[in-house]
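Taking it in order: structure first as C-alpha cells, then the write-up.
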Amino acid sequence: MQRTLRVMHALDTELVELASYRLRDVVVYWYKTWELSRGTNASPAVWEEFSGAFLHHYLQTEIRQARVDRFLALKQGNMSVQEYSLQFDSLARYAPSIVAEMSDRVHRFVVGLGPHLINECFTAALLDSMDISRIQAYAQNLEDRKRQQYESRDEGQRKKARSARQPEDFSGDPMSPYPVKSVRQLQKPYYEGSVYSESGQGSRISGFQKRRDSAQMRAPPPLCS
C-alpha cells in the first residue's frame, strides 16, 4: 500500500486518507477507534504516525523483536545465495535502523555468506559503487562459477579413473566395477584340488578322489525320529 501511494506522489496526509479507505472488516473499526483516540482537535495524521500505530496493534513488539533477532543471526548455511538473499531482504525490513546505510546493509549481507564466498565478496564490497543488489548478484555468479568448476573437476577425475583401468581386469563390460581374474590368469592351467611340484614331477591327486575319501571318513548322519 505504501509503495503504491508513493508512486502516486501523494502527500503524507493524503497517504493516510487513501490507505484508510482501503481498510476492510475489523480493521475499519480499529481505525475509527484510533482516530478518535487522537482527539477532535488533533492535526491530520501523517503516514509515519498511522503506520506506527497500525504495526504496533497488528504486529506485536515481541514478534517484531523476534524477527530482528532472526535477521541478526541469519547465515547462509546450506542455503543457496538466492535463498539467502530472499531471507535477508525479507527480514531486513524489521531492522531499518541496523541497515539504514547501504554500506551497513552490504556488510551485513556479506558477513552472513558461506566461507566459500565471503573472502571474495568482502573484497568486492569495498567498491564505492557497490549496493545490495550488486553484491547479491556478484555472490550468485561467484557461487555458480565455483559449482561449475567443482563439477568439471569431479568429472575429470572420474574420466581419469576410468581410463587408468585396464580392459583385461574386467569381465565383459569394461565399465563394470567388479574386477575378476585377468585374461592371463584365466589362461593359466588350473585343476581344482591338484597339487604340483615346482619341477613338474610328483603325484597329482584329483579333486574328485579327495572328496570321495573325505566323504567315506565322515560318520553317517543320525536318522530322523
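We label chains A, B, ... in the order they appear in the C-alpha cells, count residues from 1 in each chain, and number ligands from 1 in the order shown.
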- Message: Can you tell me, as a PyMOL selection string, which residues in range 24-127 of chain A count as alpha helix (DSSP H) by DSSP?
- Response: chain A and resi 26-37+47-58+61-72+81-92+102-111+118-125
Residues of range 11-96 of chain A at most 10 Å from range 140-156 of chain A: nearest atom pair and distance in Å, only C-alpha atoms, as a tab-separated table:
```
residue	atom	partner	partner_atom	distance
A:Ser80	CA	A:Glu143	CA	8.3
A:Val81	CA	A:Gln140	CA	5.6
A:Gln82	CA	A:Gln140	CA	6.8
A:Ser85	CA	A:Gln140	CA	9.3
```
Restricting the output to N, CA and C atoms, write the selected residues as a PDB file, in the first residue's frame.
```
ATOM      1  N   SER A  80      21.229 -21.746  -0.793  1.00  0.00           N
ATOM      2  CA  SER A  80      21.904 -21.134  -1.938  1.00  0.00           C
ATOM      3  C   SER A  80      21.933 -19.622  -1.731  1.00  0.00           C
ATOM      4  N   VAL A  81      22.695 -18.919  -2.558  1.00  0.00           N
ATOM      5  CA  VAL A  81      22.755 -17.460  -2.447  1.00  0.00           C
ATOM      6  C   VAL A  81      21.381 -16.848  -2.716  1.00  0.00           C
ATOM      7  N   GLN A  82      20.650 -17.421  -3.647  1.00  0.00           N
ATOM      8  CA  GLN A  82      19.321 -16.893  -3.951  1.00  0.00           C
ATOM      9  C   GLN A  82      18.382 -17.032  -2.750  1.00  0.00           C
ATOM     10  N   SER A  85      19.484 -14.588  -0.052  1.00  0.00           N
ATOM     11  CA  SER A  85      19.133 -13.211  -0.387  1.00  0.00           C
ATOM     12  C   SER A  85      17.659 -12.926  -0.106  1.00  0.00           C
TER      13      SER A  85
END
```
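Closest approach to Phe88 in chain A among A:Ile132, A:Val26, A:His116, A:Leu126: A:Ile132, based on only C-alpha atoms.
With CA of Arg93 in chain A on one side and CA of Glu120 in chain A on the other, the separation reads 26.3 Å.
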Give me the residues within 12 Å of Gln76 in chain A as a short mmCIF file (atom, residue, chain, number, x, y, z; two decimals) with C-alpha atoms, in the first residue's frame, counting only C-alpha atoms and dropping any in the same chain fewer than 4 places off.
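out-v1.cif, written as the output of this step:
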```cif
data_model
loop_
_atom_site.label_atom_id
_atom_site.label_comp_id
_atom_site.auth_asym_id
_atom_site.auth_seq_id
_atom_site.Cartn_x
_atom_site.Cartn_y
_atom_site.Cartn_z
CA PHE A 71 17.90 -11.14 10.95
CA SER A 80 21.90 -21.13 -1.94
CA VAL A 81 22.76 -17.46 -2.45
CA GLN A 82 19.32 -16.89 -3.95
CA GLU A 83 17.54 -18.40 -0.93
CA TYR A 84 19.80 -16.49 1.45
CA SER A 85 19.13 -13.21 -0.39
CA LEU A 86 15.36 -13.70 -0.14
CA GLN A 87 15.60 -14.36 3.58
CA PHE A 88 17.87 -11.35 4.03
CA ARG A 108 25.59 -7.40 6.97
CA PHE A 109 24.82 -9.45 3.85
CA VAL A 110 28.47 -10.38 3.23
CA VAL A 111 29.07 -11.35 6.86
CA GLY A 112 26.35 -14.00 6.60
CA LEU A 113 27.73 -15.65 3.45
CA GLY A 114 29.33 -19.09 3.45
CA PRO A 115 33.10 -19.49 3.86
CA HIS A 116 33.49 -20.38 0.16
CA LEU A 117 32.22 -16.91 -0.85
CA ILE A 118 32.90 -14.49 1.99
CA ALA A 139 27.68 -13.62 -4.91
#
```
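CA of Val106 in chain A sits 7.0 Å away from CA of Ala125 in chain A.
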- Item | Length of the CA of Met1 in chain A to CA of Ala137 in chain A vector [Å] |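 Separation between CA of Met1 in chain A and CA of Ala137 in chain A: 27.7 Å.
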- Task: Would you kindly return, as a list in words, each protein, DNA or RNA residue with an atom no farther than 12 Å from any atom of Asp128 in chain A, considering only C-alpha atoms and excluding same-chain residues fewer than 5 positions away?
- Result: Met102, Ser103, Val106, Thr123, Arg134 and Ile135 of chain A
Output the selection as a PDB file, in the first residue's frame - C-alpha atoms for each residue.
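Now in result_0.pdb:
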```
ATOM      1  CA  MET A 102      23.692   0.993   2.152  1.00  0.00           C
ATOM      2  CA  SER A 103      27.204   0.158   3.321  1.00  0.00           C
ATOM      3  CA  VAL A 106      26.033  -4.716   2.199  1.00  0.00           C
ATOM      4  CA  THR A 123      36.865  -7.539  -1.492  1.00  0.00           C
ATOM      5  CA  ARG A 134      25.008  -5.781  -6.998  1.00  0.00           C
ATOM      6  CA  ILE A 135      26.634  -7.694  -4.160  1.00  0.00           C
TER       7      ILE A 135
END
```
- Would you list the contacts of range 42-58 of chain A as JSON, numbers by chain, taking every protein, DNA or RNA residue within 7 Å and counting only C-alpha atoms, but skipping same-chain residues closer than 2 positions in sequence? {"A": [12, 13, 15, 16, 38, 39, 40, 60, 61]}
- Message: Using only C-alpha atoms, which protein or nucleic acid residues come within 12 Å of Arg70 in chain A? Drop anything in the same chain fewer than 2 positions from it, and give the result as JSON, numbers by chain.
- Response: {"A": [63, 64, 65, 66, 67, 68, 72, 73, 74, 75, 87, 88, 90, 91, 92, 93, 94, 95, 112]}
